[in-house]
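Novice: Have a look at this one.
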Amino acid sequence: MMEIRTPKTGKAKRVLESRAPKLVETGKKTLILHGTKTSATLSSVMTELYRLKKGGAIRYSRRNENIRPFESGGETSLEFFSQKTDCSIFVYGSHTKKRPDNLVLGRMYDHQVYDLIEVGIENFKSLQAFSYDKKFAPHEGTKPFICFIGEGFENLSELKHLKEVLTDLFRGEVVDNLNLTGLDRAYVCSAISPTKVFLTHCALKLKKSGSIVPRMELVEVGPSMDLVIRRNRLPNDSLMKEAMRTSKDKPKKKEKNVDQDALKEMKLFDKSKGSKRERKDAKLKHKEETVAKKMKVSSE
């Protein structure tokens, strides 16, 4: 059982507040974990995913026997690592006879498993398998384009789920504006069938087009692979409702020792302008009466 400790210093409180769920989330950090057994292909996939996410990922190379994401009780270690590293998305690789080259992608909410999708890796090609002009190689930490090709990403629940998870995995920091000169990479996901997606990583070449918007060309730089959907688990309704709650839906904090009655809630009219006008008229009337008395006295 995990021990719960309350923060005792201001620094500890600020750290916990920075890790708490936010209305506008920052970029999601990725946790990469190995299962009891992994194949050479799967190890290469996870290594290159870590390179693509460098600066926004944490990788543990030690084997984990207690992690079974789809089984009851097998999520405890995942939630522990999520809280320890403050990662809100994870990649878990394992290899068995029943599910070879298996990759589980999942998202966390408040350090609890939010949803899961399991894919098998096929036709993997590493970075070293691609030859291209190295001056077009993408830089670390740049914002990517993410392109989804195929109607299945809009119509089929499994592909829609995979689209959401891949978007969270690769998009990085959420920003309002982008500089086109800083865009040098793209992830292209093509739906081959209702359960298979071809994923490839490309470099972007910006060329003159005769207009303000440049012409873009894609250069495949790898890695590339087929993702075969095996299992998925959507979030339950209560957790989804909590995660999707916006500021308008948040319950207001109740103020302590404050009572309100009907008289306090009545709308009071502002009579300050009217009062000033009445005082001004009274002064003018008084002045006129004083002048009239003086004239009367002088005439006598």
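Chains: A, B, ... in order of the structure tokens. Residues: from 1 per chain. Ligands: from 1, in order shown.
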Hey, which bits of segment 67-91 of chain A sit within 12 Å of segment 230-247 of chain A, and for each residue what's the closest pair of atoms and how far apart in Å (one decimal), counting only C-alpha atoms, rows by chain and increasing number, as JSON lines?

Specialist:
{"residue": "A:Pro69", "atom": "CA", "partner": "A:Arg233", "partner_atom": "CA", "distance": 10.0}
{"residue": "A:Phe70", "atom": "CA", "partner": "A:Arg233", "partner_atom": "CA", "distance": 8.0}
{"residue": "A:Glu71", "atom": "CA", "partner": "A:Arg233", "partner_atom": "CA", "distance": 11.2}

Novice: Run DSSP on the backbone and grab whatever in segment 35-184 of chain A lands in alpha helix (DSSP H); send it over as number ranges by chain.

Specialist: A: 40-52, 76-85, 152-155, 157-170

Novice: Restricting the calculation to only C-alpha atoms: of A:Ala12, A:Tyr92, A:Arg51, A:Lys143, which residue gets closest to Asn64 of chain A?

Specialist: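 With only C-alpha atoms as the atom set, the closest residue is A:Tyr92.
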
Novice: Tell me which protein, DNA and RNA residues are within 10 Å of Thr76 of chain A, counting only C-alpha atoms, leaving out same-chain ones fewer than 2 positions away, and put them as a ChimeraX atom specification.

Specialist: /A:1-2,66-69,72-74,78-82,112-113

Novice: Could you tell me which of A:Val45, A:Val91, A:Met216, A:Leu183 comes closest to Ala137 of chain A if we count only C-alpha atoms?

Specialist: A:Leu183

Novice: Could you find all residues in segment 52-168 of chain A that DSSP calls strand (DSSP E) from the backbone, and write them as a ChimeraX atom specification?

Specialist: /A:57-63,89-94,102-109,112-125,145-149

Novice: Can you write out the residues you just picked, keeping C-alpha atoms, as a PDB file, in the first residue's frame?

Specialist:
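result_33.pdb written:
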ATOM      1  CA  ALA A  57      10.384  11.234 -22.487  1.00  0.00           C
ATOM      2  CA  ILE A  58      11.758   9.093 -19.657  1.00  0.00           C
ATOM      3  CA  ARG A  59      12.929   5.552 -20.345  1.00  0.00           C
ATOM      4  CA  TYR A  60      13.458   2.728 -17.850  1.00  0.00           C
ATOM      5  CA  SER A  61      15.441  -0.180 -19.294  1.00  0.00           C
ATOM      6  CA  ARG A  62      14.877  -2.489 -16.309  1.00  0.00           C
ATOM      7  CA  ARG A  63      12.390  -5.319 -16.908  1.00  0.00           C
ATOM      8  CA  ILE A  89       1.323   8.966 -21.380  1.00  0.00           C
ATOM      9  CA  PHE A  90       3.212   5.672 -21.448  1.00  0.00           C
ATOM     10  CA  VAL A  91       4.581   3.090 -23.892  1.00  0.00           C
ATOM     11  CA  TYR A  92       4.946  -0.473 -22.584  1.00  0.00           C
ATOM     12  CA  GLY A  93       6.671  -3.129 -24.706  1.00  0.00           C
ATOM     13  CA  SER A  94       6.507  -6.893 -24.237  1.00  0.00           C
ATOM     14  CA  ASN A 102       3.528  -6.088 -28.532  1.00  0.00           C
ATOM     15  CA  LEU A 103       3.238  -2.408 -27.685  1.00  0.00           C
ATOM     16  CA  VAL A 104       0.699  -0.947 -25.246  1.00  0.00           C
ATOM     17  CA  LEU A 105       0.027   2.774 -25.500  1.00  0.00           C
ATOM     18  CA  GLY A 106      -1.906   4.423 -22.697  1.00  0.00           C
ATOM     19  CA  ARG A 107      -2.834   7.766 -21.196  1.00  0.00           C
ATOM     20  CA  MET A 108      -3.104   8.753 -17.543  1.00  0.00           C
ATOM     21  CA  TYR A 109      -5.421  11.170 -15.784  1.00  0.00           C
ATOM     22  CA  GLN A 112      -4.645   6.876 -12.952  1.00  0.00           C
ATOM     23  CA  VAL A 113      -4.861   4.778 -16.125  1.00  0.00           C
ATOM     24  CA  TYR A 114      -7.297   6.627 -18.398  1.00  0.00           C
ATOM     25  CA  ASP A 115      -7.354   4.429 -21.525  1.00  0.00           C
ATOM     26  CA  LEU A 116      -5.298   1.729 -23.290  1.00  0.00           C
ATOM     27  CA  ILE A 117      -4.686   0.514 -26.817  1.00  0.00           C
ATOM     28  CA  GLU A 118      -2.528  -2.482 -27.736  1.00  0.00           C
ATOM     29  CA  VAL A 119      -0.816  -2.805 -31.114  1.00  0.00           C
ATOM     30  CA  GLY A 120       1.501  -5.322 -32.743  1.00  0.00           C
ATOM     31  CA  ILE A 121       4.594  -4.126 -34.641  1.00  0.00           C
ATOM     32  CA  GLU A 122       5.111  -5.414 -38.195  1.00  0.00           C
ATOM     33  CA  ASN A 123       7.420  -4.465 -41.098  1.00  0.00           C
ATOM     34  CA  PHE A 124       9.612  -2.249 -38.918  1.00  0.00           C
ATOM     35  CA  LYS A 125      12.330  -0.189 -40.627  1.00  0.00           C
ATOM     36  CA  PHE A 145       2.757  17.908 -38.438  1.00  0.00           C
ATOM     37  CA  ILE A 146       0.558  14.859 -37.803  1.00  0.00           C
ATOM     38  CA  CYS A 147      -1.378  13.617 -40.829  1.00  0.00           C
ATOM     39  CA  PHE A 148      -4.063  10.904 -40.722  1.00  0.00           C
ATOM     40  CA  ILE A 149      -5.086   9.450 -44.088  1.00  0.00           C
TER      41      ILE A 149
END

Novice: Give the answer as one residue: which of A:Lys280, A:Lys196, A:Lys293, A:Lys54 has the shortest atom-to-atom distance to Gly152 of chain A, using only C-alpha atoms?

Specialist: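 Closest to Gly152 of chain A, using only C-alpha atoms: A:Lys196.
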
Novice: In Å, how far is it from atom CA of Glu65 of chain A to atom CA of Asp226 of chain A?

Specialist: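 These two atoms are separated by 26.6 Å.
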
Novice: Write out as a PyMOL selection string the residues lying within 10 Å of Cys189 of chain A, counting only C-alpha atoms and excluding same-chain residues fewer than 6 positions away.

Specialist: chain A and resi 146-150+153+163+166+197-201+224-227

Novice: Have a look at A:His95, A:Tyr132, A:Lys84, A:Tyr187 and name the one nearest to Ser43 of chain A; count only C-alpha atoms.

Specialist: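 Using only C-alpha atoms, the shortest distance to Ser43 of chain A belongs to A:His95.
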
Novice: Of the candidates A:Ile212, A:Pro144, A:Gly55, A:Thr290, which shows the shortest atom-to-atom distance to Val175 of chain A, using only C-alpha atoms?

Specialist: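 The shortest atom-to-atom distance to Val175 of chain A comes from A:Pro144.
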